[in-house]
>>> print(open('start11.cif').read())   # mmCIF, C-alpha atoms
data_model
#
loop_
_atom_site.label_atom_id
_atom_site.label_comp_id
_atom_site.auth_asym_id
_atom_site.auth_seq_id
_atom_site.Cartn_x
_atom_site.Cartn_y
_atom_site.Cartn_z
CA MET S 1 -2.34 -40.43 -9.32
CA PRO S 2 -5.55 -39.02 -7.81
CA LEU S 3 -5.58 -35.51 -6.43
CA PRO S 4 -5.88 -35.19 -2.65
CA THR S 5 -9.29 -34.16 -1.42
CA GLN S 6 -10.10 -31.60 1.22
CA ASN S 7 -13.08 -31.21 3.47
CA THR S 8 -14.44 -28.10 1.83
CA THR S 9 -17.94 -26.79 1.62
CA MET S 10 -19.27 -24.94 -1.35
CA GLU S 11 -21.56 -22.74 0.69
CA PRO S 12 -21.99 -19.13 -0.40
CA PHE S 13 -19.77 -16.70 1.45
CA ASP S 14 -20.25 -13.11 2.57
CA SER S 15 -17.84 -10.18 2.57
CA ARG S 16 -16.85 -10.81 6.22
CA HIS S 17 -15.81 -14.38 5.44
CA PHE S 18 -14.02 -13.22 2.26
CA ARG S 19 -12.10 -10.57 4.24
CA HIS S 20 -11.11 -13.19 6.85
CA ALA S 21 -9.82 -15.52 4.14
CA LEU S 22 -7.82 -12.66 2.56
CA SER S 23 -6.30 -11.82 5.96
CA GLN S 24 -4.47 -15.15 5.88
CA PHE S 25 -2.21 -13.76 3.16
CA ALA S 26 0.69 -12.01 4.88
CA THR S 27 1.62 -8.77 3.16
CA GLY S 28 3.93 -5.85 3.61
CA VAL S 29 2.58 -2.50 4.75
CA THR S 30 3.03 0.72 2.79
CA VAL S 31 2.08 4.34 3.10
CA ILE S 32 1.36 5.99 -0.25
CA THR S 33 2.10 9.73 -0.23
CA THR S 34 1.52 12.58 -2.67
CA ARG S 35 0.86 16.29 -2.91
CA ALA S 36 -2.43 17.70 -4.14
CA ALA S 37 -2.45 20.45 -6.76
CA ASP S 38 -2.54 23.08 -3.98
CA GLY S 39 0.54 21.54 -2.29
CA THR S 40 -1.35 19.79 0.50
CA MET S 41 0.34 16.52 1.47
CA LEU S 42 -1.83 13.40 1.45
CA GLY S 43 -1.04 9.89 2.59
CA LEU S 44 -2.75 6.61 3.30
CA THR S 45 -1.87 3.12 4.50
CA ALA S 46 -2.12 0.37 1.89
CA THR S 47 -1.33 -3.33 1.92
CA SER S 48 -2.34 -3.76 -1.71
CA PHE S 49 1.12 -3.15 -3.17
CA ASN S 50 2.84 -5.39 -5.71
CA SER S 51 5.46 -5.39 -8.44
CA VAL S 52 4.22 -5.61 -12.02
CA SER S 53 7.23 -5.38 -14.32
CA LEU S 54 11.00 -4.93 -14.25
CA GLN S 55 11.18 -3.45 -17.76
CA PRO S 56 9.73 -0.91 -17.57
CA PRO S 57 9.80 -0.74 -13.75
CA LEU S 58 6.12 -0.86 -12.73
CA VAL S 59 4.31 -1.34 -9.43
CA LEU S 60 0.64 -1.32 -8.48
CA TRP S 61 -1.56 -0.54 -5.51
CA SER S 62 -5.27 0.04 -5.03
CA LEU S 63 -7.45 2.69 -3.43
CA GLY S 64 -11.12 2.54 -2.47
CA ALA S 65 -13.18 4.24 -5.18
CA SER S 66 -14.92 6.48 -2.63
CA ALA S 67 -11.71 7.58 -0.85
CA SER S 68 -11.51 11.32 -0.20
CA SER S 69 -7.97 11.34 -1.63
CA MET S 70 -9.05 9.77 -4.95
CA ASP S 71 -8.99 13.06 -6.86
CA ALA S 72 -5.45 13.95 -5.72
CA PHE S 73 -4.07 10.51 -6.57
CA SER S 74 -5.95 10.33 -9.87
CA THR S 75 -4.90 13.74 -11.17
CA GLY S 76 -1.42 14.02 -9.63
CA THR S 77 1.64 13.28 -11.73
CA HIS S 78 3.68 11.47 -9.04
CA TYR S 79 3.38 9.65 -5.73
CA VAL S 80 5.67 7.69 -3.41
CA VAL S 81 5.17 4.17 -2.08
CA ASN S 82 6.89 3.97 1.34
CA VAL S 83 7.49 0.38 2.55
CA LEU S 84 7.32 0.49 6.35
CA ALA S 85 9.82 -1.02 8.77
CA ALA S 86 8.81 -3.38 11.59
CA ASP S 87 9.02 -0.54 14.13
CA GLN S 88 6.70 1.76 12.13
CA SER S 89 3.28 0.33 13.02
CA GLY S 90 2.46 3.71 14.58
CA LEU S 91 2.83 5.32 11.15
CA ALA S 92 0.66 2.62 9.60
CA ASN S 93 -2.07 3.35 12.15
CA ARG S 94 -1.67 7.11 11.77
CA PHE S 95 -2.07 7.03 7.98
CA ALA S 96 -5.00 4.60 8.27
CA SER S 97 -6.84 6.94 10.66
CA ARG S 98 -9.23 9.76 9.89
CA ILE S 99 -7.17 12.47 11.63
CA GLU S 100 -7.01 15.72 9.71
CA ASP S 101 -3.22 16.22 9.48
CA ARG S 102 -1.62 12.80 9.20
CA PHE S 103 1.78 14.41 8.58
CA ALA S 104 1.93 16.47 11.81
CA GLY S 105 5.14 15.54 13.65
CA VAL S 106 6.16 12.93 11.05
CA GLU S 107 9.82 13.00 9.96
CA LEU S 108 9.97 13.56 6.20
CA ASP S 109 12.30 13.98 3.30
CA PHE S 110 11.19 14.90 -0.21
CA SER S 111 11.77 13.16 -3.52
CA ALA S 112 13.20 14.84 -6.61
CA ASN S 113 9.61 15.67 -7.65
CA GLY S 114 8.74 17.13 -4.24
CA GLN S 115 6.74 14.14 -2.98
CA PRO S 116 6.83 13.30 0.76
CA VAL S 117 9.10 10.39 1.75
CA LEU S 118 8.75 8.89 5.24
CA ARG S 119 12.05 8.64 7.10
CA GLY S 120 12.90 5.15 8.34
CA ALA S 121 11.09 3.26 5.57
CA VAL S 122 12.88 0.08 4.44
CA ALA S 123 12.34 1.12 0.82
CA TRP S 124 10.55 3.80 -1.15
CA PHE S 125 9.51 4.08 -4.77
CA GLU S 126 8.77 7.37 -6.46
CA CYS S 127 6.29 6.68 -9.26
CA ARG S 128 4.94 8.53 -12.24
CA ASN S 129 1.18 8.07 -12.23
CA ARG S 130 1.00 5.87 -15.34
CA SER S 131 -2.51 4.36 -15.42
CA ARG S 132 -5.63 3.56 -13.40
CA TYR S 133 -8.15 0.74 -13.70
CA PRO S 134 -11.51 0.80 -11.91
CA GLU S 135 -12.31 -2.69 -10.61
CA GLY S 136 -15.11 -3.47 -8.17
CA ASP S 137 -15.10 -1.00 -5.30
CA HIS S 138 -11.44 0.02 -5.84
CA VAL S 139 -9.23 1.68 -8.42
CA ILE S 140 -5.93 -0.02 -9.29
CA PHE S 141 -3.07 2.43 -9.78
CA VAL S 142 -0.06 1.43 -11.88
CA GLY S 143 3.02 3.55 -11.30
CA GLU S 144 6.19 3.72 -13.33
CA VAL S 145 9.07 3.84 -10.86
CA THR S 146 11.31 6.83 -11.58
CA HIS S 147 13.51 6.41 -8.49
CA CYS S 148 13.78 4.05 -5.53
CA GLU S 149 15.90 3.74 -2.39
CA VAL S 150 16.51 0.82 -0.03
CA ALA S 151 17.50 0.69 3.67
CA PRO S 152 17.30 -3.06 4.39
CA ARG S 153 15.93 -4.06 7.78
CA ALA S 154 12.94 -5.97 9.06
CA PRO S 155 9.70 -4.91 7.31
CA LEU S 156 6.29 -4.39 8.87
CA VAL S 157 3.95 -7.26 7.98
CA TYR S 158 0.16 -7.46 8.15
CA HIS S 159 -1.41 -10.86 8.80
CA GLY S 160 -4.66 -11.99 10.35
CA GLY S 161 -5.77 -8.43 11.04
CA ALA S 162 -2.63 -7.48 13.00
CA TYR S 163 0.82 -6.02 12.45
CA CYS S 164 3.82 -8.24 13.06
CA SER S 165 7.31 -8.83 11.74
CA ALA S 166 8.24 -11.67 9.41
CA SER S 167 9.99 -13.50 12.29
CA THR S 168 6.85 -13.48 14.45
CA LEU S 169 4.21 -14.61 11.94
CA PRO S 170 1.71 -16.97 13.55
CA THR S 171 1.42 -20.41 11.98
CA ALA S 172 -2.28 -20.87 12.65
#
>>> encode(input="start11.cif", output="structure tokens")
Amino acid sequence: MPLPTQNTTMEPFDSRHFRHALSQFATGVTVITTRAADGTMLGLTATSFNSVSLQPPLVLWSLGASASSMDAFSTGTHYVVNVLAADQSGLANRFASRIEDRFAGVELDFSANGQPVLRGAVAWFECRNRSRYPEGDHVIFVGEVTHCEVAPRAPLVYHGGAYCSASTLPTA
């Protein structure tokens, strides 16, 4: 049986087109948090989160190689991946911004290892900083999950350059 054909062009693409194509993949939204060696709390929004293994429990995420928080995440022993709820787009925007104190006014708890945990997250994973892999313009972090918690409710989703919930994903 012949394979179906599509009307595709094999023209070269640029980074803008590549980014647009990637935006068609709906993904959850996380905020990765840690403490620097001096105790300063750091956090950033990331949609590049995925499971790797159940045994041992491993997850991954990536960070731009030139990020100002690279040193803290690279040298720290632990961090937390906070999976945001549908009503937490404000936190996603806050931790994606360049404001100086992203934690000001944010409701927090702390993990067993003293890492910041965002209240209201649908799940969080405390990870031991297991390994890092430089690839392209990012560094892939693999974390070994030492503890996780779940508070099931609708997650925040990122699709087509916008936040939405799974029930409101556009079909186009």
>>> closest_atom_pairs(input="start11.cif", of="stretch 39-78 of chain S", to="stretch 116-130 of chain S", cutoff="10 Å", atoms="only C-alpha atoms", output="Markdown table")
| residue | atom | partner | partner_atom | distance |
| --- | --- | --- | --- | --- |
| S:Met41 | CA | S:Pro116 | CA | 7.3 |
| S:Leu42 | CA | S:Pro116 | CA | 8.7 |
| S:Gly43 | CA | S:Pro116 | CA | 8.8 |
| S:Pro57 | CA | S:Cys127 | CA | 9.4 |
| S:Leu58 | CA | S:Cys127 | CA | 8.3 |
| S:Val59 | CA | S:Cys127 | CA | 8.3 |
| S:Leu60 | CA | S:Cys127 | CA | 9.8 |
| S:Phe73 | CA | S:Asn129 | CA | 8.1 |
| S:Ser74 | CA | S:Asn129 | CA | 7.8 |
| S:Thr75 | CA | S:Asn129 | CA | 8.4 |
| S:Gly76 | CA | S:Asn129 | CA | 7.0 |
| S:Thr77 | CA | S:Asn129 | CA | 5.3 |
| S:His78 | CA | S:Arg128 | CA | 4.5 |
>>> closest_atom_pairs(input="start11.cif", of="stretch 18-120 of chain S", to="stretch 138-150 of chain S", cutoff="10 Å", atoms="only C-alpha atoms", output="tab-separated table")
residue	atom	partner	partner_atom	distance
S:Ser48	CA	S:Ile140	CA	9.2
S:Phe49	CA	S:Phe141	CA	9.6
S:Asn50	CA	S:Val142	CA	9.6
S:Ser51	CA	S:Val142	CA	9.4
S:Val52	CA	S:Val142	CA	8.2
S:Ser53	CA	S:Glu144	CA	9.2
S:Leu54	CA	S:Val145	CA	9.6
S:Gln55	CA	S:Glu144	CA	9.8
S:Pro56	CA	S:Glu144	CA	7.2
S:Pro57	CA	S:Val145	CA	5.5
S:Leu58	CA	S:Glu144	CA	4.6
S:Val59	CA	S:Gly143	CA	5.4
S:Leu60	CA	S:Val142	CA	4.4
S:Trp61	CA	S:Phe141	CA	5.4
S:Ser62	CA	S:Ile140	CA	4.3
S:Leu63	CA	S:His138	CA	5.4
S:Gly64	CA	S:His138	CA	4.2
S:Ala65	CA	S:His138	CA	4.6
S:Ser66	CA	S:His138	CA	8.0
S:Ala67	CA	S:His138	CA	9.1
S:Met70	CA	S:Val139	CA	8.8
S:Phe73	CA	S:Phe141	CA	8.8
S:Ser74	CA	S:Phe141	CA	8.4
S:Thr77	CA	S:Gly143	CA	9.8
S:His78	CA	S:Gly143	CA	8.3
S:Tyr79	CA	S:Gly143	CA	8.3
S:Val80	CA	S:Val145	CA	9.0
S:Val81	CA	S:Cys148	CA	9.3
S:Asn82	CA	S:Cys148	CA	9.7
S:Val83	CA	S:Val150	CA	9.4
S:Ser111	CA	S:His147	CA	8.6
S:Ala112	CA	S:His147	CA	8.6
S:Asn113	CA	S:Thr146	CA	9.8
>>> atom_distance(input="start11.cif", atom1="atom CA of S:Gln115", atom2="atom CA of S:Arg35")
6.3 Å
>>> atom_distance(input="start11.cif", atom1="atom CA of S:Ala86", atom2="atom CA of S:Tyr163")
8.5 Å
>>> atom_distance(input="start11.cif", atom1="atom CA of S:Gly28", atom2="atom CA of S:Ala92")
10.9 Å
>>> resolve_selection(input="start11.cif", expression="the PyMOL selection byres ((chain S and resi 46) around 6)", output="VMD selection string")
chain S and resid 30 to 31 45 47 to 48
>>> closest_residue(input="start11.cif", among="S:Pro134, S:Gly114, S:Asp87, S:Leu44", to="S:Arg102", atoms="all atoms listed in the file")
S:Leu44
>>> closest_residue(input="start11.cif", among="S:Ser97, S:Ser23, S:Ser69, S:Thr34", to="S:Ala162", atoms="all atoms listed in the file")
S:Ser23
>>> residues_near_point(input="start11.cif", point="(12.4, -10.4, 11.6)", cutoff="12 Å", atoms="all atoms listed in the file", output="PyMOL selection string")
chain S and resi 85-87+152-157+164-169
>>> axis_aligned_box(input="start11.cif", around="stretch 45-52 of chain S", padding_each_side="5 Å", output="AutoDock Vina command-line options")
--center_x 1.6 --center_y -1.2 --center_z -3.8 --size_x 17.8 --size_y 18.7 --size_z 26.5
>>> residues_around(input="start11.cif", residues="S:Gln24", least_positions_apart="3", cutoff="9 Å", atoms="only C-alpha atoms", output="VMD selection string")
chain S and resid 20 to 21 159 to 161
>>> closest_residue(input="start11.cif", among="S:Phe13, S:Leu91, S:Glu135, S:Ser68", to="S:Ala104", atoms="all atoms listed in the file")
S:Leu91
>>> build_atoms(input="start11.cif", residues="stretch 100-124 of chain S", atoms="N, CA, C and O atoms", output="compact mmCIF listing (two decimals), in the coordinates of the input")
# COMPACT_ATOMS: atom_id res chain seq x y z
N GLU S 100 -7.08 14.72 10.77
CA GLU S 100 -7.01 15.72 9.71
C GLU S 100 -5.61 15.88 9.13
O GLU S 100 -5.44 15.87 7.92
N ASP S 101 -4.59 16.04 9.99
CA ASP S 101 -3.22 16.22 9.48
C ASP S 101 -2.39 15.00 9.84
O ASP S 101 -1.76 14.95 10.91
N ARG S 102 -2.36 14.05 8.96
CA ARG S 102 -1.62 12.80 9.20
C ARG S 102 -0.11 13.04 9.23
O ARG S 102 0.62 12.21 9.74
N PHE S 103 0.35 14.14 8.66
CA PHE S 103 1.78 14.41 8.58
C PHE S 103 2.33 15.18 9.78
O PHE S 103 3.55 15.34 9.89
N ALA S 104 1.47 15.67 10.66
CA ALA S 104 1.93 16.47 11.81
C ALA S 104 2.92 15.65 12.65
O ALA S 104 2.61 14.55 13.09
N GLY S 105 4.12 16.19 12.82
CA GLY S 105 5.14 15.54 13.65
C GLY S 105 5.85 14.37 12.99
O GLY S 105 6.69 13.74 13.62
N VAL S 106 5.53 14.05 11.74
CA VAL S 106 6.16 12.93 11.05
C VAL S 106 7.45 13.40 10.38
O VAL S 106 7.47 14.44 9.71
N GLU S 107 8.53 12.65 10.57
CA GLU S 107 9.82 13.00 9.96
C GLU S 107 9.79 12.67 8.48
O GLU S 107 9.50 11.53 8.10
N LEU S 108 10.08 13.69 7.65
CA LEU S 108 9.97 13.56 6.20
C LEU S 108 11.23 14.00 5.49
O LEU S 108 11.98 14.84 5.97
N ASP S 109 11.40 13.45 4.31
CA ASP S 109 12.30 13.98 3.30
C ASP S 109 11.41 14.19 2.08
O ASP S 109 10.22 13.86 2.12
N PHE S 110 11.98 14.70 1.00
CA PHE S 110 11.19 14.90 -0.21
C PHE S 110 11.94 14.34 -1.41
O PHE S 110 13.17 14.45 -1.50
N SER S 111 11.20 13.74 -2.31
CA SER S 111 11.77 13.16 -3.52
C SER S 111 12.16 14.27 -4.49
O SER S 111 11.87 15.44 -4.27
N ALA S 112 12.79 13.88 -5.58
CA ALA S 112 13.20 14.84 -6.61
C ALA S 112 12.01 15.62 -7.17
O ALA S 112 12.15 16.77 -7.56
N ASN S 113 10.83 15.01 -7.16
CA ASN S 113 9.61 15.67 -7.65
C ASN S 113 8.80 16.31 -6.54
O ASN S 113 7.63 16.66 -6.73
N GLY S 114 9.40 16.43 -5.35
CA GLY S 114 8.74 17.13 -4.24
C GLY S 114 7.70 16.31 -3.50
O GLY S 114 6.90 16.87 -2.75
N GLN S 115 7.71 14.99 -3.67
CA GLN S 115 6.74 14.14 -2.98
C GLN S 115 7.27 13.75 -1.59
O GLN S 115 8.47 13.53 -1.42
N PRO S 116 6.39 13.66 -0.59
CA PRO S 116 6.83 13.30 0.76
C PRO S 116 7.33 11.86 0.84
O PRO S 116 6.70 10.94 0.34
N VAL S 117 8.49 11.70 1.50
CA VAL S 117 9.10 10.39 1.75
C VAL S 117 9.22 10.23 3.26
O VAL S 117 9.76 11.11 3.94
N LEU S 118 8.71 9.13 3.80
CA LEU S 118 8.75 8.89 5.24
C LEU S 118 10.13 8.39 5.65
O LEU S 118 10.61 7.38 5.13
N ARG S 119 10.74 9.08 6.59
CA ARG S 119 12.05 8.64 7.10
C ARG S 119 11.90 7.31 7.82
O ARG S 119 10.92 7.07 8.52
N GLY S 120 12.88 6.44 7.66
CA GLY S 120 12.90 5.15 8.34
C GLY S 120 12.27 4.02 7.55
O GLY S 120 12.31 2.88 7.98
N ALA S 121 11.68 4.33 6.40
CA ALA S 121 11.09 3.26 5.57
C ALA S 121 12.20 2.33 5.09
O ALA S 121 13.34 2.76 4.87
N VAL S 122 11.87 1.04 4.92
CA VAL S 122 12.88 0.08 4.44
C VAL S 122 13.13 0.24 2.95
O VAL S 122 14.18 -0.17 2.46
N ALA S 123 12.19 0.82 2.25
CA ALA S 123 12.34 1.12 0.82
C ALA S 123 11.30 2.16 0.45
O ALA S 123 10.27 2.30 1.14
N TRP S 124 11.57 2.91 -0.60
CA TRP S 124 10.55 3.80 -1.15
C TRP S 124 10.72 3.87 -2.65
O TRP S 124 11.81 3.70 -3.18
